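Enquirer: So that you have it, the file is run_33.txt, and it contains compact mmCIF, C-alpha atoms:
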# COMPACT_ATOMS: atom_id res chain seq x y z
CA MET F 256 0.00 0.00 0.00
CA TRP F 257 2.78 2.41 0.90
CA ARG F 258 4.94 1.72 -2.10
CA SER F 259 2.02 2.14 -4.46
CA SER F 260 0.84 5.42 -2.99
CA GLY F 261 2.65 7.42 -5.64
CA LEU F 262 3.32 10.27 -3.22
CA ARG F 263 6.55 12.19 -3.59
CA LEU F 264 8.52 11.86 -0.37
CA GLY F 265 10.02 14.93 1.26
CA ALA F 266 7.36 16.07 3.69
CA ARG F 267 7.39 19.17 5.84
CA LEU F 268 5.99 20.10 9.19
CA CYS F 269 3.52 22.95 8.89
CA CYS F 270 1.63 24.80 11.60
CA PRO F 271 -1.67 26.50 10.89
CA ARG F 272 -0.78 30.18 10.92
CA GLY F 273 0.47 32.48 8.22
CA GLY F 274 3.41 34.90 8.20
CA ALA F 275 5.14 35.50 11.51
CA ARG F 276 2.51 33.35 13.20
CA ALA F 277 3.65 30.23 11.35
CA PRO F 278 7.44 30.09 11.71
CA ALA F 279 7.36 26.29 11.85
CA GLU F 280 6.03 26.15 8.30
CA ARG F 281 9.62 25.99 7.12
CA GLY F 282 9.41 22.37 8.17
CA HIS F 283 10.84 19.79 10.50
CA ARG F 284 13.87 19.47 8.24
CA SER F 285 15.01 22.93 9.32
CA LEU F 286 15.48 21.69 12.88
CA VAL F 287 18.95 21.16 14.26
CA SER F 288 19.77 17.48 14.42
CA CYS F 289 19.40 17.03 18.19
CA ILE F 290 15.60 16.90 17.95
CA ASP F 291 15.30 15.55 14.39
CA PRO F 292 12.48 12.98 14.62
CA SER F 293 14.03 10.82 11.87
CA ILE F 294 17.12 9.97 13.94
CA GLY F 295 17.38 6.24 14.57
CA LEU F 296 14.87 5.26 11.87
CA ASN F 297 15.64 3.03 8.91
CA GLU F 298 15.12 4.28 5.38
CA GLU F 299 11.67 2.75 5.04
CA GLN F 300 10.50 4.33 8.29
CA LYS F 301 11.89 7.67 7.19
CA GLY F 302 9.78 7.30 4.06
CA TYR F 303 6.59 6.71 6.08
CA GLN F 304 7.48 9.66 8.26
CA LYS F 305 8.01 12.00 5.31
CA VAL F 306 4.67 11.02 3.80
CA ALA F 307 2.97 11.66 7.15
CA PHE F 308 4.67 15.03 7.66
CA ASP F 309 3.77 16.07 4.13
CA PHE F 310 0.15 15.05 4.59
CA ALA F 311 -0.01 16.86 7.95
CA ALA F 312 1.35 20.04 6.37
CA ARG F 313 -0.89 19.96 3.31
CA GLU F 314 -4.18 18.50 4.53
CA MET F 315 -4.32 19.05 8.29
CA ALA F 316 -2.37 22.04 9.59
CA PRO F 317 -4.08 24.69 7.41
CA HIS F 318 -7.46 23.61 8.85
CA MET F 319 -6.53 22.73 12.43
CA ALA F 320 -7.85 25.94 13.99
CA GLU F 321 -11.10 25.89 12.00
CA TRP F 322 -11.83 22.28 12.98
CA ASP F 323 -11.23 23.22 16.61
CA GLN F 324 -13.24 26.45 16.70
CA LYS F 325 -16.17 25.17 14.62
CA GLU F 326 -16.03 21.66 16.13
CA LEU F 327 -15.86 20.04 12.70
CA PHE F 328 -15.29 16.30 12.22
CA PRO F 329 -13.00 16.17 9.13
CA VAL F 330 -14.31 13.02 7.46
CA ASP F 331 -13.04 13.85 3.95
CA MET F 332 -9.53 14.52 5.22
CA MET F 333 -9.45 11.24 7.13
CA ARG F 334 -10.51 9.33 4.05
CA LYS F 335 -7.63 10.94 2.19
CA ALA F 336 -5.38 9.77 5.02
CA ALA F 337 -6.77 6.27 4.61
CA GLN F 338 -5.73 6.29 0.96
CA LEU F 339 -2.14 6.50 2.22
CA GLY F 340 -2.67 3.59 4.60
CA PHE F 341 -3.23 5.60 7.77
CA GLY F 342 -6.66 4.06 8.44
CA GLY F 343 -5.18 0.66 9.37
CA VAL F 344 -1.48 1.19 10.01
CA TYR F 345 -0.80 -2.04 11.92
CA VAL F 346 -3.81 -4.00 10.66
CA ARG F 347 -2.75 -6.98 8.56
CA THR F 348 -2.70 -6.65 4.80
CA ASP F 349 -5.18 -9.50 4.18
CA VAL F 350 -8.02 -7.23 5.35
CA GLY F 351 -6.81 -4.01 3.79
CA GLY F 352 -4.38 -2.77 6.40
CA SER F 353 -0.80 -1.60 5.90
CA GLY F 354 0.72 -4.35 8.03
CA LEU F 355 3.26 -2.09 9.69
CA SER F 356 4.74 -2.37 13.17
CA ARG F 357 3.84 -0.54 16.37
CA LEU F 358 7.03 1.48 16.02
CA ASP F 359 6.07 2.46 12.47
CA ALA F 360 2.65 3.52 13.77
CA SER F 361 4.20 5.64 16.53
CA VAL F 362 6.38 7.42 13.98
CA ILE F 363 3.38 8.08 11.72
CA PHE F 364 1.06 9.30 14.47
CA GLU F 365 3.73 11.60 15.87
CA ALA F 366 4.19 13.20 12.44
CA LEU F 367 0.44 13.53 11.79
CA ALA F 368 -0.10 15.08 15.23
CA THR F 369 2.02 18.08 14.23
CA GLY F 370 -0.76 18.91 11.76
CA CYS F 371 -3.67 18.33 14.15
CA THR F 372 -3.24 16.50 17.45
CA SER F 373 -6.96 16.05 18.07
CA THR F 374 -7.74 14.48 14.70
CA THR F 375 -4.67 12.26 14.82
CA ALA F 376 -5.76 10.98 18.21
CA TYR F 377 -9.08 9.93 16.69
CA ILE F 378 -7.31 8.21 13.78
CA SER F 379 -5.15 6.32 16.28
CA ILE F 380 -8.24 5.14 18.20
CA HIS F 381 -9.91 4.09 14.95
CA ASN F 382 -6.84 1.93 14.16
CA GLU F 383 -7.57 -0.68 16.85
CA GLU F 384 -8.23 -3.69 14.64
CA GLN F 385 -11.04 -6.16 13.94
CA ARG F 386 -10.96 -8.80 11.24
CA HIS F 387 -12.42 -9.70 7.83
CA ARG F 388 -15.99 -8.50 8.26
CA PHE F 389 -15.22 -5.09 9.70
CA CYS F 390 -11.62 -4.24 8.79
CA PRO F 391 -11.75 -3.51 5.04
CA PRO F 392 -14.21 -0.56 5.26
CA LEU F 393 -12.47 0.68 8.42
CA CYS F 394 -9.03 0.66 6.79
CA THR F 395 -10.32 2.78 3.91
CA MET F 396 -12.25 4.92 6.42
CA GLU F 397 -15.36 4.38 4.36
CA LYS F 398 -16.64 3.59 7.83
CA PHE F 399 -15.46 4.85 11.22
CA ALA F 400 -15.23 3.01 14.53
CA SER F 401 -15.44 3.88 18.22
CA TYR F 402 -14.03 2.01 21.21
CA CYS F 403 -16.57 1.78 24.04
CA LEU F 404 -15.17 0.87 27.45
CA THR F 405 -15.65 3.81 29.84
CA GLU F 406 -18.99 4.20 31.63
CA PRO F 407 -20.43 6.92 33.85
CA GLY F 408 -19.61 4.82 36.93
CA SER F 409 -16.48 2.99 35.75
CA GLY F 410 -13.50 4.88 34.44
CA SER F 411 -10.18 3.69 35.83
CA ASP F 412 -11.97 0.70 37.40
CA ALA F 413 -12.94 -0.69 34.02
CA ALA F 414 -13.62 -4.22 35.31
CA SER F 415 -16.62 -2.90 37.26
CA LEU F 416 -18.54 -1.93 34.11
CA LEU F 417 -22.29 -2.52 34.20
CA THR F 418 -23.48 -2.49 30.57
CA SER F 419 -25.11 -5.90 30.18
CA ALA F 420 -25.50 -8.22 27.21
CA LYS F 421 -27.98 -11.03 27.87
CA ARG F 422 -28.13 -13.82 25.34
CA GLN F 423 -31.52 -14.57 23.86
CA GLY F 424 -31.30 -17.20 21.14
CA ASP F 425 -28.93 -16.01 18.41
CA HIS F 426 -28.80 -12.44 19.73
CA TYR F 427 -27.43 -10.49 22.68
CA VAL F 428 -29.68 -7.80 24.15
CA LEU F 429 -27.62 -4.87 25.43
CA ASN F 430 -28.63 -2.41 28.12
CA GLY F 431 -26.52 0.33 29.64
CA SER F 432 -24.45 3.30 28.56
CA LYS F 433 -20.90 4.30 27.72
CA ALA F 434 -19.37 7.73 28.44
CA PHE F 435 -16.84 9.99 26.72
CA ILE F 436 -16.88 8.01 23.47
CA SER F 437 -14.78 9.57 20.70
CA GLY F 438 -16.74 9.59 17.46
CA GLY F 439 -19.98 8.87 19.31
CA GLY F 440 -22.94 9.48 17.01
CA GLU F 441 -20.72 9.79 13.94
CA SER F 442 -18.97 6.41 13.88
CA ASP F 443 -20.51 3.48 12.05
CA ILE F 444 -19.19 0.71 14.28
CA TYR F 445 -19.03 0.57 18.10
CA VAL F 446 -16.72 -1.96 19.74
CA VAL F 447 -18.46 -2.44 23.09
CA MET F 448 -17.16 -4.06 26.26
CA CYS F 449 -20.16 -5.44 28.10
CA ARG F 450 -21.05 -7.93 30.80
CA THR F 451 -22.21 -11.34 29.61
CA GLY F 452 -21.28 -13.16 32.84
CA GLY F 453 -20.67 -12.55 36.51
CA PRO F 454 -18.83 -9.72 38.28
CA GLY F 455 -15.23 -8.90 37.55
CA PRO F 456 -13.09 -9.04 34.40
CA LYS F 457 -13.93 -12.63 33.47
CA GLY F 458 -17.59 -11.72 32.98
CA ILE F 459 -16.84 -9.19 30.22
CA SER F 460 -17.18 -9.83 26.49
CA CYS F 461 -16.56 -7.73 23.39
CA ILE F 462 -19.46 -7.13 20.99
CA VAL F 463 -19.63 -4.99 17.86
CA VAL F 464 -22.76 -2.84 17.48
CA GLU F 465 -23.44 -1.19 14.14
CA LYS F 466 -24.96 2.26 13.79
CA GLY F 467 -28.67 2.10 13.02
CA THR F 468 -29.28 -0.92 15.24
CA PRO F 469 -32.63 -0.45 17.05
CA GLY F 470 -32.06 0.47 20.67
CA LEU F 471 -28.77 2.29 20.00
CA SER F 472 -28.83 6.03 20.67
CA PHE F 473 -26.48 8.84 21.65
CA GLY F 474 -26.26 11.63 24.20
CA LYS F 475 -25.59 15.29 23.52
CA LYS F 476 -22.31 16.35 21.95
CA GLU F 477 -19.96 17.24 24.79
CA LYS F 478 -18.33 20.68 24.95
CA LYS F 479 -14.63 20.03 25.55
CA VAL F 480 -11.48 22.02 26.35
CA GLY F 481 -9.68 20.37 23.43
CA TRP F 482 -10.08 17.49 20.97
CA ASN F 483 -12.79 19.53 19.26
CA SER F 484 -12.26 18.06 15.80
CA GLN F 485 -13.74 14.79 17.04
CA PRO F 486 -17.22 14.56 18.57
CA THR F 487 -17.63 13.01 22.01
CA ARG F 488 -20.97 11.64 23.17
CA ALA F 489 -22.50 9.05 25.48
CA VAL F 490 -23.47 5.83 23.70
CA ILE F 491 -26.73 4.39 25.03
CA PHE F 492 -28.17 0.86 24.70
CA GLU F 493 -31.84 0.20 25.44
CA ASP F 494 -32.89 -3.37 24.64
CA CYS F 495 -30.44 -3.23 21.75
CA ALA F 496 -30.42 -6.65 20.02
CA VAL F 497 -27.16 -7.61 18.31
CA PRO F 498 -26.37 -10.92 16.54
CA VAL F 499 -24.14 -13.34 18.44
CA ALA F 500 -21.97 -13.35 15.32
CA ASN F 501 -20.93 -9.79 16.26
CA ARG F 502 -19.08 -11.02 19.32
CA ILE F 503 -15.29 -10.70 19.07
CA GLY F 504 -13.52 -13.69 20.57
CA ASN F 505 -15.18 -15.94 23.13
CA GLU F 506 -17.43 -14.97 26.00
CA GLY F 507 -15.33 -13.72 28.88
CA GLN F 508 -12.42 -12.54 26.70
CA GLY F 509 -13.60 -8.95 26.46
CA PHE F 510 -11.47 -7.57 29.28
CA LEU F 511 -8.31 -9.12 27.82
CA ILE F 512 -9.21 -7.61 24.43
CA ALA F 513 -9.81 -4.24 26.08
CA MET F 514 -6.48 -4.30 27.92
CA LYS F 515 -4.61 -5.33 24.78
CA GLY F 516 -6.22 -2.42 22.97
CA LEU F 517 -5.28 -0.06 25.80
CA ASN F 518 -1.61 -1.02 25.63
CA GLY F 519 -1.53 0.00 21.98
CA GLY F 520 -3.68 3.02 22.68
CA ARG F 521 -1.19 4.23 25.28
CA ILE F 522 1.58 4.17 22.70
CA ASN F 523 -0.64 5.93 20.17
CA VAL F 524 -1.76 8.74 22.44
CA ALA F 525 1.78 9.21 23.75
CA SER F 526 2.94 9.50 20.13
CA CYS F 527 0.34 12.20 19.53
CA SER F 528 1.65 14.06 22.58
CA VAL F 529 5.19 13.87 21.20
CA GLY F 530 3.95 15.31 17.90
CA ALA F 531 2.25 18.21 19.67
CA ALA F 532 5.38 18.88 21.74
CA HIS F 533 7.59 18.71 18.65
CA ALA F 534 5.49 21.33 16.89
CA SER F 535 5.48 23.49 20.02
CA VAL F 536 9.27 23.40 20.33
CA VAL F 537 9.60 24.47 16.70
CA LEU F 538 7.14 27.33 17.16
CA THR F 539 8.88 28.48 20.32
CA ARG F 540 12.35 28.36 18.83
CA ASP F 541 11.23 30.47 15.90
CA HIS F 542 9.32 32.90 18.14
CA LEU F 543 12.45 33.51 20.22
CA ASN F 544 14.37 34.27 17.05
CA VAL F 545 11.98 37.04 15.92
CA ARG F 546 10.50 38.56 19.09
CA LYS F 547 12.38 41.45 20.69
CA GLN F 548 12.10 42.81 24.22
CA PHE F 549 14.38 45.30 25.98
CA GLY F 550 16.14 45.95 22.69
CA ALA F 551 17.26 42.35 22.13
CA LEU F 552 15.91 39.13 20.66
CA LEU F 553 14.38 36.78 23.21
CA ALA F 554 16.78 34.16 21.86
CA SER F 555 19.66 36.05 23.48
CA ASN F 556 18.15 35.65 26.97
CA GLN F 557 19.98 32.84 28.77
CA TYR F 558 16.98 31.96 30.94
CA LEU F 559 14.86 31.34 27.85
CA GLN F 560 17.74 29.47 26.20
CA PHE F 561 17.83 27.11 29.17
CA LYS F 562 14.05 26.68 29.09
CA LEU F 563 14.21 25.79 25.41
CA ALA F 564 17.03 23.33 26.12
CA ASP F 565 14.91 21.66 28.80
CA MET F 566 11.96 21.43 26.41
CA ALA F 567 14.10 19.84 23.71
CA THR F 568 15.60 17.35 26.17
CA ARG F 569 12.20 16.29 27.47
CA LEU F 570 10.91 15.98 23.90
CA VAL F 571 13.70 13.63 22.82
CA ALA F 572 13.48 11.59 26.04
CA SER F 573 9.73 11.17 25.50
CA ARG F 574 10.19 10.12 21.89
CA LEU F 575 12.83 7.52 22.76
CA MET F 576 10.74 6.07 25.58
CA VAL F 577 7.63 5.80 23.39
CA ARG F 578 9.52 4.13 20.56
CA SER F 579 11.18 1.69 22.96
CA ALA F 580 7.79 0.70 24.38
CA ALA F 581 6.37 0.30 20.87
CA VAL F 582 9.10 -2.20 20.05
CA ALA F 583 8.43 -4.11 23.28
CA LEU F 584 4.71 -4.29 22.47
CA GLN F 585 5.39 -5.44 18.90
CA GLU F 586 7.69 -8.20 20.20
CA GLU F 587 5.14 -9.19 22.88
CA ARG F 588 7.79 -9.00 25.58
CA GLU F 589 6.97 -9.61 29.23
CA ASP F 590 7.84 -6.04 30.12
CA ALA F 591 5.59 -4.55 27.43
CA VAL F 592 2.68 -3.61 29.72
CA ALA F 593 4.93 -1.78 32.18
CA LEU F 594 6.91 -0.07 29.42
CA CYS F 595 3.72 1.09 27.68
CA ALA F 596 2.52 2.50 31.01
CA MET F 597 5.88 4.22 31.60
CA ALA F 598 5.90 5.69 28.11
CA LYS F 599 2.34 6.95 28.41
CA LEU F 600 2.96 8.42 31.86
CA PHE F 601 6.23 10.10 31.00
CA ALA F 602 5.47 11.31 27.49
CA THR F 603 2.01 12.72 28.17
CA ASP F 604 3.15 14.51 31.35
CA GLU F 605 6.35 15.87 29.84
CA CYS F 606 4.86 16.80 26.47
CA PHE F 607 1.98 18.67 28.08
CA ALA F 608 4.56 20.55 30.15
CA ILE F 609 6.44 21.38 26.94
CA CYS F 610 3.29 22.71 25.25
CA ASN F 611 2.36 24.69 28.34
CA GLN F 612 5.86 26.18 28.56
CA ALA F 613 5.69 27.03 24.85
CA LEU F 614 2.52 29.02 25.51
CA GLN F 615 4.24 30.83 28.40
CA MET F 616 7.24 31.73 26.27
CA HIS F 617 4.95 33.24 23.64
CA GLY F 618 3.64 35.62 26.30
CA GLY F 619 0.21 37.11 25.73
CA TYR F 620 0.27 36.00 22.11
CA GLY F 621 0.35 32.37 23.20
CA TYR F 622 -3.04 32.81 24.86
CA LEU F 623 -4.68 33.94 21.61
CA LYS F 624 -6.43 31.43 19.40
CA ASP F 625 -4.64 32.98 16.43
CA TYR F 626 -1.50 31.19 17.66
CA ALA F 627 -1.21 27.43 17.43
CA VAL F 628 0.61 26.77 20.70
CA GLN F 629 -2.57 27.14 22.78
CA GLN F 630 -4.32 24.48 20.71
CA TYR F 631 -1.49 21.99 21.03
CA MET F 632 -1.62 22.56 24.78
CA ARG F 633 -5.40 22.10 24.97
CA ASP F 634 -5.47 19.07 22.70
CA CYS F 635 -2.77 17.11 24.52
CA ARG F 636 -4.02 17.82 28.06
CA VAL F 637 -6.58 15.00 27.95
CA HIS F 638 -3.86 12.49 27.06
CA GLN F 639 -2.92 12.44 30.75
CA ILE F 640 -6.44 11.15 31.52
CA LEU F 641 -7.55 8.76 28.79
CA GLU F 642 -6.27 5.27 27.91
CA GLY F 643 -5.88 4.84 31.67
CA SER F 644 -5.13 7.92 33.75
CA ASN F 645 -1.52 8.62 34.64
CA GLU F 646 -2.31 7.70 38.22
CA VAL F 647 -3.34 4.24 36.99
CA MET F 648 -0.11 4.09 34.97
CA ARG F 649 1.81 4.50 38.23
CA MET F 650 -0.23 1.65 39.72
CA LEU F 651 0.66 -0.64 36.80
CA ILE F 652 4.35 0.26 36.97
CA SER F 653 4.62 -0.23 40.74
CA ARG F 654 2.68 -3.51 40.53
CA SER F 655 5.14 -4.78 37.94
CA LEU F 656 8.07 -3.86 40.18
CA LEU F 657 6.63 -5.33 43.38
CA GLN F 658 5.66 -8.62 41.75
CA GLN F 659 9.23 -9.34 40.63
Using the file provided, produce a representation of the structure as structure tokens.
Expert:
Amino acid sequence: MWRSSGLRLGARLCCPRGGARAPAERGHRSLVSCIDPSIGLNEEQKGYQKVAFDFAAREMAPHMAEWDQKELFPVDMMRKAAQLGFGGVYVRTDVGGSGLSRLDASVIFEALATGCTSTTAYISIHNEEQRHRFCPPLCTMEKFASYCLTEPGSGSDAASLLTSAKRQGDHYVLNGSKAFISGGGESDIYVVMCRTGGPGPKGISCIVVEKGTPGLSFGKKEKKVGWNSQPTRAVIFEDCAVPVANRIGNEGQGFLIAMKGLNGGRINVASCSVGAAHASVVLTRDHLNVRKQFGALLASNQYLQFKLADMATRLVASRLMVRSAAVALQEEREDAVALCAMAKLFATDECFAICNQALQMHGGYGYLKDYAVQQYMRDCRVHQILEGSNEVMRMLISRSLLQQ
């Protein structure tokens, strides 16, 4: 799929502001080598990365602010992304995916997130795979999917979920609701974790519910601080009958499926945070080189130089940790769960701090919606909460250590 895309490689990072408000438009290639995101990649991975950067610059960054302010769900853009293989990055090729690794996906999502962090986060959620019946239209993004685990009463304690699925003949009848569902009301397919058995994780199964099924409805569109290019709604089931054939795996395997999806999701969302931080460092560097105060460029101020150095260091450390965890997950190593939790914890905390510091170093301009740094900051803030809050990441890491 990648080799046949016909795209000319040589992509550039672009941020969504013109003139002096878009200094990063000169591209990621203008960065000094210490934070070059292509370092350590093989030639094929550099090719994927260039395609992703180019797409982000051309199709995403010019519209990022409009999607945010008007709360637009950019379906047409995402279908263009799917034509490049971004709709099923690590889905196997036999069902229309690109068949790439978790590391490849991290590289791609990081690059796309420089164009729009919110939309890339949705694309990364959409990438969690199903098989022959559902994957082909998902990989082309002819159809969109949502992952439904969180409920009003069960967030971090996912195993306590209450949405029920009672078997009646060749159907399950679902009752309950899911909260904070990305793509809710717009997606065509809902991958639902629901209770088919007793209490606890072993009573949970995974069932696919298609849009238009009687008994499926949606709550109001939530008004959010960030992530405004993707709609978020409650997903509600009221005597919603779904064929048994829509169950993924066996009864009782749903929690394992959910946790496997979360491990990949943690890498994906951390990659999006790295992309947002990368763009913010570029914007800040260029701002310091043009903004004058007290008769001198801000770039000549040693305090700000040191702040920028700290931002760059945290950016590279986050990137390396995320990529290391992606390799561990791809290789199915024993330490993969803990490393994914570490990467998600570290990268989302540090990258939010980078974006927040970037806003501060822009001064009053950083607080204006005409400047992209505020949107990167708003869009990556939620990454510290979803896919398991960072407090839960600390629980997983400490549990891994204490069980040795």
Enquirer: Which one of F:Cys371, F:Leu559, F:Cys595, F:Ala316 sits closest to Asn483 (chain F) if you count only C-alpha atoms?
Expert: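 For Asn483 (chain F), the nearest of the candidates is F:Cys371.
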Enquirer: Wanna dump the region 445-545 of chain F-region 574-580 of chain F contacts at 9 Å for me, each residue with its shortest atom pair and the distance in Å to one decimal, counting all atoms listed in the file, ordered by chain and number, as CSV?
Expert:
residue,atom,partner,partner_atom,distance
F:Ile522,CA,F:Val577,CA,6.3
F:Asn523,CA,F:Val577,CA,8.9
F:Ala525,CA,F:Val577,CA,6.8
F:Ser526,CA,F:Val577,CA,6.8
F:Val529,CA,F:Arg574,CA,6.3
Enquirer: Select all residues near (-24.5, -3.8, 39.9) (cut-off 12 Å, inclusive, file coordinates), counting only C-alpha atoms, and output them as a PyMOL selection string.
Expert: chain F and resi 408-409+414-419+431+450+453-455
Enquirer: With only C-alpha atoms as the counted atoms, please give the residues lying no more than 10 Å from Asn611 (chain F), apart from itself and same-chain residues fewer than 5 positions off, as a ChimeraX atom specification.
Expert: /F:532,535,605-606,616,621,628-629,631-633,635-636
Enquirer: Would you write out those residues with C-alpha atoms, as a PDB file, in the coordinates of the input?
Expert:
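New file out_14.pdb:
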ATOM      1  CA  ALA F 532       5.380  18.880  21.740  1.00  0.00           C
ATOM      2  CA  SER F 535       5.480  23.490  20.020  1.00  0.00           C
ATOM      3  CA  GLU F 605       6.350  15.870  29.840  1.00  0.00           C
ATOM      4  CA  CYS F 606       4.860  16.800  26.470  1.00  0.00           C
ATOM      5  CA  MET F 616       7.240  31.730  26.270  1.00  0.00           C
ATOM      6  CA  GLY F 621       0.350  32.370  23.200  1.00  0.00           C
ATOM      7  CA  VAL F 628       0.610  26.770  20.700  1.00  0.00           C
ATOM      8  CA  GLN F 629      -2.570  27.140  22.780  1.00  0.00           C
ATOM      9  CA  TYR F 631      -1.490  21.990  21.030  1.00  0.00           C
ATOM     10  CA  MET F 632      -1.620  22.560  24.780  1.00  0.00           C
ATOM     11  CA  ARG F 633      -5.400  22.100  24.970  1.00  0.00           C
ATOM     12  CA  CYS F 635      -2.770  17.110  24.520  1.00  0.00           C
ATOM     13  CA  ARG F 636      -4.020  17.820  28.060  1.00  0.00           C
TER      14      ARG F 636
END
Enquirer: What lies within 12 Å of Ala500 (chain F) using only C-alpha atoms, ignoring chain neighbours under 3 positions off, as an MDAnalysis selection string?
Expert: chainID F and resid 388 422 424:427 461:464 496:497 503:506
Enquirer: In Å, rounded to a single decimal, give me how far CA of Val536 (chain F) is from CA of Leu563 (chain F).
Expert: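 A separation of 7.5 Å between them.
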Enquirer: Can you work out which one of F:Asp331, F:Asp565, F:Glu589, F:Asp625 has the shortest atom-to-atom distance to Ala608 (chain F), counting all atoms listed in the file?
Expert: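 Residue with the minimum atom-to-atom distance to Ala608 (chain F): F:Asp565.
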Enquirer: Suppose you want the space between CA of Gly342 (chain F) and CA of Ile640 (chain F); what is it in Å?
Expert: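 Going from CA of Gly342 (chain F) over to CA of Ile640 (chain F) covers 24.1 Å.
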Enquirer: Would you kindly return, as a list in words, each protein, DNA or RNA residue with an atom no farther than 6 Å from any atom of Thr369 (chain F), considering all atoms listed in the file and excluding same-chain residues fewer than 3 positions away?
Expert: Ala366, Gly530, Ala531 and Ala534 of chain F
Enquirer: Store the residues picked out above in a file with C-alpha atoms, as a PDB file, keeping the file's coordinate frame.
Expert:
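Written file, result03.pdb:
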ATOM      1  CA  ALA F 366       4.190  13.200  12.440  1.00  0.00           C
ATOM      2  CA  GLY F 530       3.950  15.310  17.900  1.00  0.00           C
ATOM      3  CA  ALA F 531       2.250  18.210  19.670  1.00  0.00           C
ATOM      4  CA  ALA F 534       5.490  21.330  16.890  1.00  0.00           C
TER       5      ALA F 534
END
Enquirer: Using all atoms listed in the file, can you tell me which of F:Phe435, F:Phe473, F:Tyr445, F:Tyr303 comes closest to Leu393 (chain F)?
Expert: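 Of F:Phe435, F:Phe473, F:Tyr445, F:Tyr303, the one nearest Leu393 (chain F), counting all atoms listed in the file, is F:Tyr445.
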Enquirer: I'd like the contact shell of Ser442 (chain F) - 10 Å cut-off, only C-alpha atoms, skipping same-chain residues fewer than 6 positions apart - returned as a PDB file with C-alpha atoms, in the frame of the given file.
Expert:
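Below you can see result_18.pdb, which holds the result:
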ATOM      1  CA  HIS F 381      -9.910   4.090  14.950  1.00  0.00           C
ATOM      2  CA  LYS F 398     -16.640   3.590   7.830  1.00  0.00           C
ATOM      3  CA  PHE F 399     -15.460   4.850  11.220  1.00  0.00           C
ATOM      4  CA  ALA F 400     -15.230   3.010  14.530  1.00  0.00           C
ATOM      5  CA  SER F 401     -15.440   3.880  18.220  1.00  0.00           C
ATOM      6  CA  TYR F 402     -14.030   2.010  21.210  1.00  0.00           C
ATOM      7  CA  ILE F 436     -16.880   8.010  23.470  1.00  0.00           C
ATOM      8  CA  GLU F 465     -23.440  -1.190  14.140  1.00  0.00           C
ATOM      9  CA  LYS F 466     -24.960   2.260  13.790  1.00  0.00           C
ATOM     10  CA  PRO F 486     -17.220  14.560  18.570  1.00  0.00           C
TER      11      PRO F 486
END
Enquirer: Around all the atoms of region 527-545 of chain F listed in the file, with 6 Å of room on each side, what axis-aligned box do you get, giving centre and edge lengths in Å to one decimal, as JSON?
Expert:
{"center_x": 7.4, "center_y": 24.6, "center_z": 19.2, "size_x": 26.0, "size_y": 36.8, "size_z": 18.7}
Enquirer: Report the distance between CA of Val524 (chain F) and CA of Lys325 (chain F) in Å, rounded to one decimal place.
Expert: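 Between CA of Val524 (chain F) and CA of Lys325 (chain F) the gap works out to 23.2 Å.
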Enquirer: Find the spatial neighbours of Pro292 (chain F), counting only C-alpha atoms, within a cut-off of 9 Å - ignore same-chain residues fewer than 5 positions away - and output them as a PyMOL selection string.
Expert: chain F and resi 283+304+362+365-366+533+571+574
Enquirer: Please dump the current selection as a compact mmCIF listing (two decimals), in the coordinates of the input; keep C-alpha atoms.
Expert:
# COMPACT_ATOMS: atom_id res chain seq x y z
CA HIS F 283 10.84 19.79 10.50
CA GLN F 304 7.48 9.66 8.26
CA VAL F 362 6.38 7.42 13.98
CA GLU F 365 3.73 11.60 15.87
CA ALA F 366 4.19 13.20 12.44
CA HIS F 533 7.59 18.71 18.65
CA VAL F 571 13.70 13.63 22.82
CA ARG F 574 10.19 10.12 21.89
Enquirer: Choose the residue, out of F:Asn544, F:Ser655, F:Ser373, F:Gln585, that has the smallest atom-to-atom separation from Trp482 (chain F); count only C-alpha atoms.
Expert: F:Ser373
